[in-house]
$ cat run15.tsv   # TSV, C-alpha atoms
chain	number	residue	atom	x	y	z
A	1	MET	CA	94.92	91.93	138.44
A	2	GLU	CA	96.55	94.88	136.62
A	3	GLN	CA	99.73	94.32	138.61
A	4	GLN	CA	99.86	90.71	137.41
A	5	ILE	CA	99.26	91.77	133.77
A	6	GLU	CA	101.97	94.45	133.91
A	7	ARG	CA	104.42	91.99	135.49
A	8	SER	CA	103.84	89.53	132.66
A	9	LYS	CA	104.34	92.41	130.19
A	10	VAL	CA	107.75	93.09	131.78
A	11	VAL	CA	108.79	89.46	131.14
A	12	VAL	CA	107.47	89.55	127.55
A	13	ARG	CA	109.28	92.89	126.99
A	14	TRP	CA	112.64	91.27	127.94
A	15	ILE	CA	112.01	88.44	125.45
A	16	VAL	CA	110.86	90.72	122.60
A	17	ALA	CA	113.74	93.16	123.22
A	18	ALA	CA	116.26	90.29	123.11
A	19	VAL	CA	114.77	88.91	119.87
A	20	ILE	CA	114.70	92.36	118.22
A	21	PHE	CA	118.27	93.09	119.40
A	22	GLY	CA	119.40	89.79	117.84
A	23	ALA	CA	117.56	90.53	114.60
A	24	VAL	CA	118.94	94.09	114.29
A	25	SER	CA	122.48	92.87	115.04
A	26	TYR	CA	122.18	90.14	112.40
A	27	LEU	CA	120.83	92.57	109.76
A	28	LYS	CA	123.53	95.11	110.65
A	29	ARG	CA	126.28	92.48	110.18
A	30	ALA	CA	124.67	91.42	106.88
A	31	GLY	CA	124.59	95.05	105.76
A	32	SER	CA	120.80	95.12	105.32
A	33	VAL	CA	120.29	98.05	107.71
A	34	THR	CA	122.44	101.14	108.17
A	35	ILE	CA	121.62	101.86	111.81
A	36	PRO	CA	124.82	102.68	113.79
A	37	TRP	CA	125.88	100.39	116.65
A	38	SER	CA	125.68	103.31	119.08
A	39	THR	CA	121.96	103.74	118.28
A	40	ILE	CA	121.31	100.00	118.64
A	41	LEU	CA	122.98	99.96	122.05
A	42	THR	CA	121.24	103.19	123.16
A	43	LEU	CA	117.80	101.83	122.24
A	44	THR	CA	118.55	98.51	123.97
A	45	ALA	CA	119.78	100.33	127.08
A	46	ALA	CA	116.61	102.49	127.06
A	47	VAL	CA	114.37	99.39	126.93
A	48	ALA	CA	116.36	97.75	129.74
A	49	ALA	CA	116.29	100.90	131.93
A	50	LEU	CA	112.53	101.37	131.41
A	51	ASN	CA	111.81	97.72	132.07
A	52	LEU	CA	113.80	97.79	135.32
A	53	THR	CA	111.95	100.98	136.36
A	54	TYR	CA	108.56	99.36	135.67
A	55	TRP	CA	109.64	96.26	137.60
A	56	SER	CA	110.66	98.31	140.63
A	57	ILE	CA	107.32	100.22	140.54
A	58	LEU	CA	105.40	96.94	140.24
A	59	ARG	CA	107.18	95.45	143.27
A	60	ARG	CA	105.47	98.04	145.48
A	61	SER	CA	102.17	98.79	143.74
A	62	SER	CA	100.41	99.08	140.40
A	63	PRO	CA	99.29	102.66	139.71
A	64	HIS	CA	96.38	103.06	137.30
A	65	TRP	CA	98.41	105.20	134.87
A	66	LEU	CA	101.23	102.67	134.50
A	67	LYS	CA	99.58	100.64	131.73
A	68	TYR	CA	99.22	103.78	129.59
A	69	VAL	CA	102.84	104.82	130.20
A	70	THR	CA	104.28	101.35	129.44
A	71	THR	CA	102.22	101.06	126.25
A	72	ALA	CA	103.12	104.56	125.03
A	73	THR	CA	106.86	104.02	125.66
A	74	ASP	CA	106.72	100.64	123.88
A	75	VAL	CA	105.14	102.24	120.79
A	76	ALA	CA	107.57	105.19	120.94
A	77	LEU	CA	110.61	102.87	121.11
A	78	ILE	CA	109.33	100.80	118.18
A	79	SER	CA	108.84	104.05	116.24
A	80	LEU	CA	112.46	105.00	116.92
A	81	LEU	CA	113.59	101.56	115.73
A	82	VAL	CA	111.45	101.90	112.59
A	83	LEU	CA	112.83	105.42	112.04
A	84	PHE	CA	116.48	104.26	112.20
A	85	THR	CA	115.96	101.11	110.10
A	86	GLY	CA	114.46	102.63	106.97
A	87	GLY	CA	111.23	104.40	108.00
A	88	SER	CA	108.19	103.10	106.15
A	89	ALA	CA	110.29	100.35	104.51
A	90	SER	CA	111.55	98.99	107.87
A	91	VAL	CA	111.18	95.26	108.51
A	92	PHE	CA	110.48	96.07	112.17
A	93	TYR	CA	107.12	97.68	111.32
A	94	VAL	CA	105.40	94.42	112.35
A	95	ALA	CA	106.59	94.98	115.94
A	96	TYR	CA	103.76	97.53	116.32
A	97	PHE	CA	101.29	94.66	116.03
A	98	ILE	CA	102.88	92.83	119.00
A	99	VAL	CA	102.11	95.82	121.24
A	100	LEU	CA	98.64	96.26	119.74
A	101	VAL	CA	97.44	92.67	120.00
A	102	SER	CA	98.97	91.89	123.41
A	103	ASN	CA	97.52	95.04	125.02
A	104	SER	CA	94.12	94.81	123.32
A	105	ILE	CA	93.60	91.21	124.47
A	106	ARG	CA	94.66	92.09	128.01
A	107	TYR	CA	92.77	95.38	128.49
A	108	GLY	CA	90.00	95.53	125.87
A	109	MET	CA	88.61	98.07	123.41
A	110	GLY	CA	89.68	101.22	125.30
A	111	MET	CA	93.32	100.16	125.22
A	112	ALA	CA	93.06	99.09	121.56
A	113	LEU	CA	91.92	102.62	120.65
A	114	TYR	CA	94.67	104.13	122.80
A	115	VAL	CA	97.41	102.01	121.14
A	116	ALA	CA	96.08	102.83	117.67
A	117	THR	CA	96.02	106.57	118.45
A	118	VAL	CA	99.58	106.57	119.85
A	119	TYR	CA	100.74	104.51	116.84
A	120	ASN	CA	98.99	106.94	114.46
A	121	VAL	CA	100.74	109.96	115.97
A	122	THR	CA	104.21	108.39	116.26
A	123	TYR	CA	104.11	106.80	112.80
A	124	VAL	CA	103.14	110.13	111.22
A	125	ALA	CA	106.16	111.61	113.05
A	126	VAL	CA	108.34	108.85	111.52
A	127	LEU	CA	106.94	109.67	108.06
A	128	GLY	CA	107.63	113.35	108.72
A	129	VAL	CA	111.32	112.65	109.42
A	130	VAL	CA	111.95	109.96	106.78
A	131	SER	CA	109.86	110.56	103.68
A	132	PRO	CA	108.31	107.35	102.34
A	133	ALA	CA	109.87	105.91	99.21
A	134	GLY	CA	106.53	105.22	97.54
A	135	ASP	CA	103.11	106.83	97.39
A	136	LEU	CA	101.58	108.41	100.52
A	137	THR	CA	98.34	106.50	99.82
A	138	THR	CA	100.19	103.25	100.65
A	139	GLU	CA	101.11	104.71	104.03
A	140	ALA	CA	97.52	105.85	104.61
A	141	VAL	CA	96.31	102.31	103.86
A	142	LYS	CA	98.90	100.91	106.30
A	143	ILE	CA	97.61	103.23	109.04
A	144	LEU	CA	93.97	102.39	108.27
A	145	ALA	CA	94.78	98.65	108.25
A	146	PHE	CA	96.34	99.05	111.69
A	147	TRP	CA	93.16	100.76	112.88
A	148	GLY	CA	91.13	97.89	111.42
A	149	VAL	CA	93.16	95.32	113.37
A	150	ALA	CA	92.87	97.48	116.52
A	151	LEU	CA	89.08	97.73	116.27
A	152	TYR	CA	88.68	94.01	115.57
A	153	ALA	CA	91.06	92.96	118.38
A	154	GLY	CA	89.27	95.35	120.75
A	155	TYR	CA	85.88	93.97	119.73
A	156	LEU	CA	87.01	90.36	120.30
A	157	ALA	CA	88.48	91.31	123.69
A	158	MET	CA	85.19	93.03	124.62
A	159	ARG	CA	83.23	89.88	123.77
A	160	PHE	CA	85.67	87.71	125.72
A	161	GLN	CA	85.39	90.00	128.77
A	162	ARG	CA	81.57	89.80	128.57
A	163	TYR	CA	81.64	85.99	128.54
A	164	ALA	CA	84.12	85.97	131.43
A	165	ARG	CA	81.74	88.18	133.48
A	166	ILE	CA	78.75	85.90	132.69
A	167	LEU	CA	80.77	82.84	133.71
A	168	GLU	CA	81.80	84.55	136.93
A	169	SER	CA	78.17	85.36	137.81
A	170	TYR	CA	77.17	81.72	137.11
A	171	GLU	CA	79.92	80.50	139.43
A	172	GLU	CA	78.71	82.88	142.16
A	173	THR	CA	75.10	81.67	141.75
A	174	ILE	CA	76.17	78.01	141.91
A	175	ALA	CA	78.22	78.69	145.05
A	176	LYS	CA	75.25	80.53	146.66
A	177	LEU	CA	72.79	77.74	145.80
A	178	ARG	CA	75.19	75.11	147.10
A	179	ALA	CA	75.51	77.01	150.39
A	180	GLU	CA	71.69	77.28	150.66
A	181	LEU	CA	71.33	73.55	149.95
A	182	THR	CA	73.83	72.70	152.67
A	183	GLY	CA	71.78	74.81	155.11
A	184	LEU	CA	68.53	72.98	154.14
A	185	ARG	CA	69.92	69.46	154.68
A	186	PRO	CA	68.65	67.85	157.93
A	187	ALA	CA	71.33	67.09	160.50
A	188	LYS	CA	72.02	63.35	160.95
B	1	MET	CA	41.96	87.11	128.49
B	2	ASN	CA	44.39	89.72	127.26
B	3	ALA	CA	47.69	90.16	129.08
B	4	PRO	CA	48.06	93.53	130.86
B	5	ARG	CA	49.80	96.11	128.68
B	6	LEU	CA	53.19	97.16	129.93
B	7	PRO	CA	54.08	100.88	129.62
B	8	GLN	CA	56.22	101.34	126.53
B	9	ALA	CA	59.70	102.72	127.11
B	10	ARG	CA	60.36	106.10	125.48
B	11	PRO	CA	62.93	105.83	122.70
B	12	THR	CA	66.19	107.47	123.79
B	13	LEU	CA	67.22	108.18	120.21
B	14	LYS	CA	64.76	109.32	117.54
B	15	GLY	CA	64.88	108.48	113.84
B	16	ARG	CA	65.99	111.96	112.81
B	17	HIS	CA	68.97	111.76	115.21
B	18	VAL	CA	70.04	108.50	113.58
B	19	ALA	CA	69.61	110.03	110.12
B	20	TRP	CA	71.77	113.01	111.11
B	21	SER	CA	74.49	110.84	112.65
B	22	GLY	CA	74.41	108.63	109.54
B	23	MET	CA	74.95	111.64	107.30
B	24	VAL	CA	77.78	112.95	109.49
B	25	GLY	CA	79.34	109.46	109.42
B	26	LEU	CA	79.11	109.37	105.62
B	27	VAL	CA	80.74	112.81	105.32
B	28	LEU	CA	83.55	111.72	107.67
B	29	LEU	CA	84.04	108.52	105.63
B	30	LEU	CA	84.30	110.50	102.39
B	31	LEU	CA	86.76	112.87	104.05
B	32	LEU	CA	88.80	109.89	105.26
B	33	ILE	CA	88.94	108.38	101.77
B	34	ALA	CA	89.81	111.75	100.23
B	35	ILE	CA	92.69	112.30	102.66
B	36	ALA	CA	94.01	108.74	102.18
B	37	TRP	CA	93.83	109.10	98.41
B	38	ARG	CA	94.96	112.66	97.74
B	39	ALA	CA	97.07	113.74	100.73
B	40	THR	CA	100.40	115.32	99.81
B	41	ASN	CA	101.63	115.65	103.38
B	42	ALA	CA	101.71	112.87	106.03
B	43	LEU	CA	100.54	115.37	108.67
B	44	TRP	CA	97.01	115.02	107.27
B	45	PHE	CA	96.99	111.45	108.67
B	46	LEU	CA	96.87	112.92	112.17
B	47	VAL	CA	93.12	113.49	111.74
B	48	PHE	CA	92.52	109.76	111.12
B	49	PRO	CA	91.74	108.88	114.78
B	50	ALA	CA	88.96	111.49	115.01
B	51	LEU	CA	87.52	110.62	111.58
B	52	LEU	CA	87.66	106.85	112.16
B	53	ILE	CA	86.08	107.01	115.61
B	54	GLY	CA	83.34	109.23	114.17
B	55	VAL	CA	82.67	106.82	111.29
B	56	VAL	CA	82.62	103.78	113.61
B	57	ALA	CA	80.34	105.55	116.12
B	58	ALA	CA	77.89	106.59	113.38
B	59	GLY	CA	77.94	103.04	111.96
B	60	ALA	CA	77.33	101.54	115.40
B	61	ILE	CA	74.37	103.90	116.01
B	62	ALA	CA	72.86	102.98	112.63
B	63	VAL	CA	73.29	99.22	113.21
B	64	LEU	CA	71.85	99.38	116.76
B	65	TRP	CA	68.93	101.47	115.46
B	66	GLY	CA	68.33	98.87	112.75
B	67	LEU	CA	68.30	96.15	115.41
B	68	ARG	CA	65.75	98.21	117.43
B	69	HIS	CA	68.14	98.58	120.36
B	70	PHE	CA	67.04	102.16	121.14
$ encode --input "run15.tsv" --output "C-alpha coordinates"
Amino acid sequence: MEQQIERSKVVVRWIVAAVIFGAVSYLKRAGSVTIPWSTILTLTAAVAALNLTYWSILRRSSPHWLKYVTTATDVALISLLVLFTGGSASVFYVAYFIVLVSNSIRYGMGMALYVATVYNVTYVAVLGVVSPAGDLTTEAVKILAFWGVALYAGYLAMRFQRYARILESYEETIAKLRAELTGLRPAK
Amino acid sequence: MNAPRLPQARPTLKGRHVAWSGMVGLVLLLLLIAIAWRATNALWFLVFPALLIGVVAAGAIAVLWGLRHF
(Lines of atoms letter the chains of each structure in order from A and count residues from 1; the text may use other names and numbers.)
(Lines give C-alpha, C1' and ligand atoms only; values in the text may rest on other atoms or scores of the structure.)
Protein backbone atom coordinates (compact mmCIF):
# COMPACT_ATOMS: atom_id res chain seq x y z
CA MET A 1 0.00 0.00 0.00
CA GLU A 2 2.72 2.50 1.03
CA GLN A 3 4.74 1.51 -2.03
CA GLN A 4 1.79 2.36 -4.26
CA ILE A 5 1.26 5.73 -2.51
CA GLU A 6 4.94 6.67 -2.78
CA ARG A 7 4.99 5.68 -6.47
CA SER A 8 2.03 7.96 -7.15
CA LYS A 9 3.85 10.73 -5.23
CA VAL A 10 6.84 10.31 -7.57
CA VAL A 11 4.56 10.89 -10.59
CA VAL A 12 2.88 13.91 -8.94
CA ARG A 13 6.33 15.30 -8.01
CA TRP A 14 7.39 15.26 -11.70
CA ILE A 15 4.22 17.17 -12.65
CA VAL A 16 4.49 19.74 -9.83
CA ALA A 17 8.23 20.25 -10.48
CA ALA A 18 7.55 20.85 -14.19
CA VAL A 19 4.76 23.35 -13.43
CA ILE A 20 6.88 25.22 -10.84
CA PHE A 21 9.89 25.24 -13.21
CA GLY A 22 7.67 26.75 -15.93
CA ALA A 23 6.25 29.34 -13.53
CA VAL A 24 9.69 30.38 -12.17
CA SER A 25 11.10 30.63 -15.72
CA TYR A 26 8.16 32.79 -16.81
CA LEU A 27 8.48 35.11 -13.78
CA LYS A 28 12.25 35.32 -14.27
CA ARG A 29 11.80 36.35 -17.93
CA ALA A 30 9.16 38.90 -16.87
CA GLY A 31 11.55 40.27 -14.26
CA SER A 32 9.20 39.55 -11.33
CA VAL A 33 11.74 37.39 -9.45
CA THR A 34 15.48 37.90 -9.10
CA ILE A 35 16.49 34.26 -8.66
CA PRO A 36 19.56 33.43 -10.83
CA TRP A 37 19.24 30.82 -13.60
CA SER A 38 21.96 28.73 -11.97
CA THR A 39 19.82 28.40 -8.81
CA ILE A 40 16.71 27.52 -10.82
CA LEU A 41 18.60 24.79 -12.67
CA THR A 42 20.28 23.50 -9.47
CA LEU A 43 16.93 23.21 -7.66
CA THR A 44 15.35 21.49 -10.68
CA ALA A 45 18.28 19.08 -10.93
CA ALA A 46 18.00 18.34 -7.18
CA VAL A 47 14.28 17.49 -7.52
CA ALA A 48 14.99 15.28 -10.54
CA ALA A 49 17.89 13.47 -8.82
CA LEU A 50 15.85 12.88 -5.64
CA ASN A 51 12.84 11.69 -7.60
CA LEU A 52 14.96 9.22 -9.59
CA THR A 53 16.52 7.97 -6.33
CA TYR A 54 13.07 7.44 -4.75
CA TRP A 55 11.90 5.65 -7.91
CA SER A 56 14.87 3.28 -7.84
CA ILE A 57 14.27 2.53 -4.12
CA LEU A 58 10.56 1.92 -4.78
CA ARG A 59 11.31 -0.54 -7.59
CA ARG A 60 12.82 -2.92 -5.02
CA SER A 61 10.94 -2.20 -1.79
CA SER A 62 9.22 0.46 0.27
CA PRO A 63 11.05 1.11 3.55
CA HIS A 64 8.96 2.55 6.37
CA TRP A 65 11.14 5.67 6.69
CA LEU A 66 10.85 6.64 3.02
CA LYS A 67 7.58 8.59 3.39
CA TYR A 68 9.17 10.79 6.07
CA VAL A 69 12.29 11.40 3.98
CA THR A 70 10.35 12.25 0.78
CA THR A 71 8.04 14.62 2.66
CA ALA A 72 10.90 16.37 4.48
CA THR A 73 12.90 16.86 1.27
CA ASP A 74 9.80 18.19 -0.53
CA VAL A 75 9.23 20.79 2.21
CA ALA A 76 12.96 21.65 2.31
CA LEU A 77 13.09 22.20 -1.48
CA ILE A 78 9.98 24.41 -1.37
CA SER A 79 11.61 26.39 1.44
CA LEU A 80 14.70 26.93 -0.73
CA LEU A 81 12.47 28.08 -3.61
CA VAL A 82 10.61 30.45 -1.26
CA LEU A 83 13.94 31.71 0.11
CA PHE A 84 15.31 32.56 -3.37
CA THR A 85 12.07 34.10 -4.67
CA GLY A 86 11.47 36.76 -2.04
CA GLY A 87 11.14 34.97 1.33
CA SER A 88 7.84 35.68 3.04
CA ALA A 89 6.60 37.61 -0.02
CA SER A 90 7.22 34.69 -2.42
CA VAL A 91 4.36 33.62 -4.68
CA PHE A 92 5.52 30.01 -4.26
CA TYR A 93 4.48 29.95 -0.59
CA VAL A 94 1.27 28.15 -1.62
CA ALA A 95 3.36 25.16 -2.75
CA TYR A 96 3.67 24.18 0.93
CA PHE A 97 -0.05 23.44 0.94
CA ILE A 98 0.31 20.94 -1.94
CA VAL A 99 2.69 18.85 0.19
CA LEU A 100 0.54 19.27 3.30
CA VAL A 101 -2.82 18.33 1.80
CA SER A 102 -1.58 15.49 -0.42
CA ASN A 103 0.35 13.81 2.42
CA SER A 104 -2.33 14.37 5.07
CA ILE A 105 -5.04 12.79 2.92
CA ARG A 106 -2.80 9.84 2.09
CA TYR A 107 -1.34 9.11 5.55
CA GLY A 108 -3.58 10.77 8.15
CA MET A 109 -3.17 12.91 11.26
CA GLY A 110 0.35 11.74 12.19
CA MET A 111 1.72 12.82 8.83
CA ALA A 112 -0.20 16.12 8.95
CA LEU A 113 1.52 16.96 12.25
CA TYR A 114 4.89 15.89 10.83
CA VAL A 115 4.50 18.10 7.71
CA ALA A 116 3.39 21.07 9.83
CA THR A 117 6.38 20.65 12.18
CA VAL A 118 8.90 20.40 9.30
CA TYR A 119 7.25 23.41 7.62
CA ASN A 120 7.39 25.37 10.90
CA VAL A 121 11.12 24.74 11.32
CA THR A 122 12.10 25.37 7.69
CA TYR A 123 9.92 28.48 7.32
CA VAL A 124 11.44 29.99 10.48
CA ALA A 125 14.85 29.30 8.90
CA VAL A 126 13.68 31.16 5.75
CA LEU A 127 12.54 34.09 7.92
CA GLY A 128 15.90 34.02 9.69
CA VAL A 129 17.78 34.41 6.39
CA VAL A 130 15.43 36.86 4.62
CA SER A 131 13.81 39.22 7.09
CA PRO A 132 10.10 39.72 6.38
CA ALA A 133 9.12 43.03 4.83
CA GLY A 134 6.15 43.54 7.14
CA ASP A 135 5.26 42.80 10.74
CA LEU A 136 6.36 39.51 12.36
CA THR A 137 2.79 39.02 13.62
CA THR A 138 1.67 38.49 10.00
CA GLU A 139 4.23 35.69 9.69
CA ALA A 140 3.07 34.16 12.98
CA VAL A 141 -0.52 34.19 11.70
CA LYS A 142 0.64 32.53 8.45
CA ILE A 143 2.33 29.75 10.44
CA LEU A 144 -0.70 29.30 12.71
CA ALA A 145 -3.04 29.22 9.69
CA PHE A 146 -0.88 26.47 8.20
CA TRP A 147 -1.19 24.53 11.47
CA GLY A 148 -4.96 25.03 11.35
CA VAL A 149 -5.16 23.56 7.83
CA ALA A 150 -2.87 20.69 8.91
CA LEU A 151 -5.03 19.81 11.92
CA TYR A 152 -8.26 20.00 9.91
CA ALA A 153 -6.87 17.96 6.99
CA GLY A 154 -5.52 15.39 9.46
CA TYR A 155 -8.88 15.20 11.23
CA LEU A 156 -10.76 14.67 7.95
CA ALA A 157 -8.25 11.99 6.90
CA MET A 158 -8.69 10.28 10.29
CA ARG A 159 -12.48 10.20 9.83
CA PHE A 160 -12.12 8.89 6.28
CA GLN A 161 -9.75 6.12 7.45
CA ARG A 162 -12.26 5.13 10.18
CA TYR A 163 -15.10 4.83 7.65
CA ALA A 164 -12.85 2.84 5.30
CA ARG A 165 -12.08 0.38 8.15
CA ILE A 166 -15.80 0.01 9.01
CA LEU A 167 -16.62 -0.63 5.35
CA GLU A 168 -13.85 -3.22 5.15
CA SER A 169 -15.20 -5.07 8.20
CA TYR A 170 -18.73 -5.05 6.69
CA GLU A 171 -17.38 -6.53 3.47
CA GLU A 172 -15.58 -9.26 5.44
CA THR A 173 -18.78 -10.08 7.39
CA ILE A 174 -20.85 -10.24 4.19
CA ALA A 175 -18.27 -12.54 2.57
CA LYS A 176 -18.25 -14.80 5.69
CA LEU A 177 -22.06 -14.98 5.84
CA ARG A 178 -22.24 -15.73 2.13
CA ALA A 179 -19.75 -18.58 2.57
CA GLU A 180 -21.77 -19.97 5.51
CA LEU A 181 -24.99 -19.75 3.47
CA THR A 182 -23.40 -21.65 0.60
CA GLY A 183 -22.40 -24.39 3.07
CA LEU A 184 -25.99 -24.62 4.45
CA ARG A 185 -27.67 -25.04 1.03
CA PRO A 186 -28.78 -28.65 0.36
CA ALA A 187 -27.06 -30.35 -2.56
CA LYS A 188 -29.34 -30.92 -5.59
CA MET B 1 -38.16 -7.03 37.70
CA ASN B 2 -35.06 -4.88 37.82
CA ALA B 3 -32.26 -5.57 35.35
CA PRO B 4 -29.03 -6.84 36.96
CA ARG B 5 -26.62 -4.01 37.74
CA LEU B 6 -23.45 -4.07 35.71
CA PRO B 7 -20.20 -3.16 37.52
CA GLN B 8 -19.38 0.47 36.77
CA ALA B 9 -16.09 1.09 35.00
CA ARG B 10 -13.58 3.15 37.00
CA PRO B 11 -12.98 6.54 35.41
CA THR B 12 -9.49 6.65 33.87
CA LEU B 13 -9.29 10.42 34.19
CA LYS B 14 -10.61 12.31 37.22
CA GLY B 15 -12.16 15.78 37.22
CA ARG B 16 -9.14 17.41 38.84
CA HIS B 17 -6.86 16.02 36.10
CA VAL B 18 -9.10 17.59 33.46
CA ALA B 19 -9.13 20.88 35.37
CA TRP B 20 -5.32 20.87 35.55
CA SER B 21 -4.91 20.03 31.86
CA GLY B 22 -7.44 22.75 31.01
CA MET B 23 -5.45 25.32 32.97
CA VAL B 24 -2.17 24.22 31.35
CA GLY B 25 -3.88 24.44 27.93
CA LEU B 26 -5.09 27.96 28.70
CA VAL B 27 -1.60 29.06 29.79
CA LEU B 28 -0.11 27.58 26.59
CA LEU B 29 -2.76 29.37 24.51
CA LEU B 30 -1.98 32.70 26.16
CA LEU B 31 1.73 32.09 25.60
CA LEU B 32 1.03 31.28 21.94
CA ILE B 33 -0.94 34.50 21.45
CA ALA B 34 1.71 36.54 23.28
CA ILE B 35 4.51 35.15 21.09
CA ALA B 36 2.49 35.68 17.88
CA TRP B 37 1.65 39.23 18.89
CA ARG B 38 4.83 40.54 20.50
CA ALA B 39 7.71 38.44 19.13
CA THR B 40 10.66 40.47 17.85
CA ASN B 41 12.60 37.48 16.54
CA ALA B 42 11.26 34.74 14.22
CA LEU B 43 13.14 32.10 16.26
CA TRP B 44 10.37 32.34 18.87
CA PHE B 45 8.05 30.67 16.33
CA LEU B 46 10.01 27.45 16.76
CA VAL B 47 8.07 26.77 19.98
CA PHE B 48 4.73 26.84 18.10
CA PRO B 49 4.57 23.05 17.48
CA ALA B 50 4.92 22.23 21.19
CA LEU B 51 2.49 24.97 22.27
CA LEU B 52 -0.11 24.11 19.62
CA ILE B 53 -0.02 20.38 20.30
CA GLY B 54 -0.39 21.12 24.01
CA VAL B 55 -3.37 23.42 23.43
CA VAL B 56 -5.07 20.93 21.09
CA ALA B 57 -4.45 18.02 23.50
CA ALA B 58 -5.87 19.98 26.45
CA GLY B 59 -8.88 21.01 24.35
CA ALA B 60 -9.47 17.42 23.23
CA ILE B 61 -9.31 16.17 26.85
CA ALA B 62 -11.82 18.84 27.95
CA VAL B 63 -14.23 18.06 25.08
CA LEU B 64 -14.04 14.28 25.64
CA TRP B 65 -14.57 14.82 29.38
CA GLY B 66 -17.60 16.96 28.59
CA LEU B 67 -18.97 14.18 26.39
CA ARG B 68 -18.41 11.69 29.27
CA HIS B 69 -15.92 9.67 27.24
CA PHE B 70 -13.68 8.92 30.25
$ closest_residue --input "run15.tsv" --among "A:Glu171, A:Arg165, A:Ser88, A:Ala95" --to "chain B" --atoms "only C-alpha atoms"
A:Ser88
$ residues_around --input "run15.tsv" --residues "Gly15 (chain B)" --least-positions-apart "4" --cutoff "9 Å" --atoms "only C-alpha atoms" --output "ChimeraX atom specification"
/B:19-20,65
$ interface_residues --input "run15.tsv" --of "chain A" --to "chain B" --cutoff "10 Å" --atoms "only C-alpha atoms" --output "ChimeraX atom specification"
/A:113-114,116-118,120-128,131-132,135-141,143-144,147-148,151
$ atom_distance --input "run15.tsv" --atom1 "CA of Ser102 (chain A)" --atom2 "CA of Tyr54 (chain A)"
17.3 Å
$ residues_around --input "run15.tsv" --residues "Tyr96 (chain A)" --least-positions-apart "5" --cutoff "10 Å" --atoms "only C-alpha atoms" --output "ChimeraX atom specification"
/A:74-79,82,101,115-116,119,123,146
$ closest_residue --input "run15.tsv" --among "A:Gln161, A:Thr182, A:Gln3, A:Thr173" --to "Ile105 (chain A)" --atoms "all atoms listed in the file"
A:Gln161
$ atom_distance --input "run15.tsv" --atom1 "CA of Val55 (chain B)" --atom2 "CA of Leu28 (chain B)"
6.2 Å
